[in-house]
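work.cif, holding mmCIF, C-alpha atoms and all ligand atoms:
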```cif
data_entry
loop_
_atom_site.label_atom_id
_atom_site.label_comp_id
_atom_site.auth_asym_id
_atom_site.auth_seq_id
_atom_site.Cartn_x
_atom_site.Cartn_y
_atom_site.Cartn_z
CA MET A 1 61.63 39.09 77.05
CA LYS A 2 62.57 42.66 76.34
CA ARG A 3 62.86 43.31 80.05
CA ILE A 4 65.20 40.36 80.52
CA VAL A 5 67.45 41.57 77.73
CA MET A 6 67.54 45.07 79.21
CA THR A 7 68.39 43.70 82.64
CA LEU A 8 71.16 41.54 81.22
CA ALA A 9 72.59 44.47 79.34
CA ALA A 10 72.56 46.57 82.50
CA VAL A 11 74.32 43.85 84.48
CA LEU A 12 76.97 43.36 81.82
CA PHE A 13 77.57 47.06 81.60
CA ALA A 14 77.86 47.41 85.37
CA THR A 15 80.29 44.50 85.56
CA SER A 16 82.62 45.83 82.92
CA ALA A 17 82.42 49.34 84.34
CA TYR A 18 83.45 48.21 87.80
CA ALA A 19 85.83 45.37 87.12
CA ASP A 20 88.35 47.26 85.00
CA GLY A 21 91.65 46.22 86.56
CA ALA A 22 93.71 48.82 84.73
CA ALA A 23 91.42 51.64 85.84
CA VAL A 24 91.36 50.44 89.44
CA TYR A 25 95.16 50.14 89.39
CA ALA A 26 95.55 53.66 88.05
CA ALA A 27 93.20 55.04 90.70
CA LYS A 28 94.30 53.03 93.74
CA CYS A 29 97.80 51.60 93.28
CA LYS A 30 99.74 53.58 90.71
CA MET A 31 100.75 56.40 93.04
CA CYS A 32 102.74 54.00 95.19
CA HIS A 33 103.70 51.19 92.82
CA GLY A 34 104.34 53.07 89.56
CA ALA A 35 102.35 53.35 86.33
CA ALA A 36 103.30 49.86 85.14
CA GLY A 37 103.88 48.20 88.52
CA GLU A 38 107.61 48.85 88.24
CA GLY A 39 107.82 50.36 91.71
CA ALA A 40 108.17 53.99 92.75
CA LYS A 41 109.34 56.06 95.68
CA MET A 42 106.69 54.78 98.07
CA ALA A 43 106.83 51.07 97.33
CA GLY A 44 108.52 48.35 95.33
CA ALA A 45 107.59 46.57 92.12
CA VAL A 46 104.42 44.49 92.00
CA LYS A 47 104.30 43.56 88.31
CA GLY A 48 103.91 39.86 87.63
CA LYS A 49 103.12 38.97 91.25
CA ALA A 50 100.71 36.06 91.63
CA ALA A 51 97.12 37.29 91.64
CA ALA A 52 96.42 35.55 94.96
CA ASP A 53 99.29 37.44 96.63
CA VAL A 54 98.13 40.73 95.15
CA LYS A 55 94.61 40.11 96.41
CA LYS A 56 95.95 39.32 99.85
CA ALA A 57 97.96 42.53 99.90
CA ILE A 58 94.82 44.49 99.00
CA THR A 59 92.56 42.89 101.58
CA ALA A 60 95.00 42.30 104.45
CA GLY A 61 97.75 44.81 103.74
CA ILE A 62 101.47 44.13 104.04
CA PRO A 63 103.23 44.63 107.37
CA ALA A 64 106.35 46.77 107.51
CA ALA A 65 109.46 44.60 107.25
CA GLY A 66 113.16 44.91 106.60
CA GLY A 67 113.15 48.70 106.42
CA LYS A 68 110.23 48.74 103.99
CA LYS A 69 107.07 50.63 104.79
CA GLU A 70 103.77 48.92 105.50
CA MET A 71 100.92 48.85 103.05
CA LYS A 72 97.50 49.41 104.54
CA PRO A 73 94.62 47.34 103.19
CA VAL A 74 93.00 49.07 100.22
CA LYS A 75 89.24 49.50 100.54
CA ILE A 76 87.80 48.38 97.23
CA ASP A 77 85.06 45.87 96.56
CA ALA A 78 85.83 42.23 95.81
CA ALA A 79 85.21 42.49 92.06
CA ASP A 80 87.65 45.39 91.82
CA ALA A 81 90.21 43.51 93.92
CA ASP A 82 89.97 40.48 91.63
CA ALA A 83 90.24 42.63 88.52
CA VAL A 84 93.23 44.59 89.75
CA ALA A 85 94.94 41.41 91.00
CA ALA A 86 94.58 39.86 87.54
CA PHE A 87 95.83 43.08 85.96
CA VAL A 88 98.94 43.25 88.17
CA ALA A 89 99.70 39.55 87.66
CA GLY A 90 99.63 40.14 83.91
CA LEU A 91 102.03 43.10 83.94
CA LYS A 92 105.47 42.40 82.52
C1 LIG B 101 100.08 54.40 99.99
C2 LIG B 101 100.93 53.60 99.14
C3 LIG B 101 100.41 52.30 98.56
C4 LIG B 101 99.27 52.09 97.83
C5 LIG B 101 98.22 53.10 97.44
C6 LIG B 101 99.30 50.70 97.46
N1 LIG B 101 100.40 50.08 97.97
FE1 LIG B 101 100.92 48.13 97.71
N2 LIG B 101 102.51 48.40 98.96
C7 LIG B 101 102.87 49.58 99.55
C8 LIG B 101 104.00 49.35 100.43
C9 LIG B 101 104.68 50.43 101.27
C10 LIG B 101 104.29 47.97 100.35
C11 LIG B 101 105.37 47.18 101.12
C12 LIG B 101 106.74 47.54 100.73
C13 LIG B 101 107.09 47.20 99.31
O1 LIG B 101 106.68 46.13 98.81
O2 LIG B 101 107.79 47.99 98.70
C14 LIG B 101 103.34 47.40 99.41
C15 LIG B 101 103.32 46.06 99.04
C16 LIG B 101 102.50 45.53 98.09
C17 LIG B 101 102.55 44.17 97.60
C18 LIG B 101 103.54 43.11 98.05
C19 LIG B 101 104.81 43.23 97.26
C20 LIG B 101 105.79 42.15 97.57
O3 LIG B 101 106.97 42.33 97.21
O4 LIG B 101 105.41 41.12 98.10
C21 LIG B 101 101.59 44.04 96.67
C22 LIG B 101 101.27 42.78 95.86
C23 LIG B 101 100.90 45.32 96.57
N3 LIG B 101 101.49 46.19 97.43
C24 LIG B 101 99.85 45.59 95.72
C25 LIG B 101 99.11 46.77 95.72
C26 LIG B 101 97.92 46.99 94.94
C27 LIG B 101 97.33 45.98 93.97
C28 LIG B 101 97.48 48.23 95.24
C29 LIG B 101 96.21 48.92 94.73
C30 LIG B 101 94.95 48.24 94.99
C31 LIG B 101 98.41 48.82 96.17
N4 LIG B 101 99.39 47.89 96.46
C32 LIG B 101 98.31 50.10 96.68
C33 LIG B 101 102.28 50.82 99.35
C34 LIG B 101 101.11 51.02 98.66
#
```

Step by step, read the file and then write its structure as structure tokens.
Amino acid sequence: MKRIVMTLAAVLFATSAYADGAAVYAAKCKMCHGAAGEGAKMAGAVKGKAAADVKKAITAGIPAAGGKKEMKPVKIDAADADAVAAFVAGLK
């Protein structure tokens, strides 16, 4: 029983440590999209975008269009992508 509890605690800790959308955003997106998703020199605003679109941008990238630069796919694991997509979608 004790072992099961320890394992569960380890899993929960690992999940929260890795799936912190705000932390992933700060590390992987902020430099191009601004601290609060408001847009910056490199790229436009992303705040409030649908999570599914954000996830697609992360995994597939965004092609250059209409004078805007391209975004290359960002290499992060699926849990981080989901967490950061939810975080961006919730930004106002
Ligand atoms: C090296 C710079 C760079 C980084 C890092 C970056 N992006 Fe982008 N992103 C761009 C560019 C350039 C575009 C396309 C042009 C634009 O939307 O301004 C773009 C477009 C997007 C779009 C589509 C916006 C739209 O209007 O449809 C989303 C969503 C997005 N990025 C999310 C993210 C997320 C989430 C991360 C972090 C995991 C991230 N980006 C990291 C440069 C970057």

Please return as a ChimeraX atom specification the residues found within 8 Å of ligand LIG 101 (chain B), counting all atoms listed in the file. /A:24-25,27-33,39,42-46,49-50,53-58,61-65,68-74,76,81,84-85,88

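Here CA of Lys92 (chain A) stands at a distance of 25.0 Å from CA of Asp77 (chain A).
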
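When only C-alpha atoms are used to compute distances to Ala52 (chain A), the closest of the residues A:Ala83, A:Met6, A:Met1, A:Ala19 turns out to be A:Ala83.
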
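The two atoms in question, CA of Ala89 (chain A) and CA of Gly66 (chain A), are spaced 23.8 Å apart.
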
Padding of 6 Å on every side, edges along x, y and z, all listed atoms of region 63-75 of chain A included: what centre and edge lengths in Å, to one decimal, does that box have, as JSON?
```
{"center_x": 101.2, "center_y": 47.6, "center_z": 103.9, "size_x": 35.9, "size_y": 18.0, "size_z": 19.3}
```

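One distance worth recording is that between CA of Gly21 (chain A) and CA of Asp82 (chain A), which is 7.8 Å.
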
Minimum-distance residue to Phe87 (chain A), chosen among A:Asp20, A:Ala35, A:Ala40, A:Ala60 (using all atoms listed in the file): A:Asp20

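Closest approach to Ala36 (chain A) among A:Ala23, A:Ala86, A:Ala79, A:Leu91: A:Leu91, based on all atoms listed in the file.
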
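The smallest atom-to-atom distance between Ala22 (chain A) and any of A:Ile4, A:Lys75, A:Gly67, A:Gly37, using all atoms listed in the file, is found for A:Gly37.
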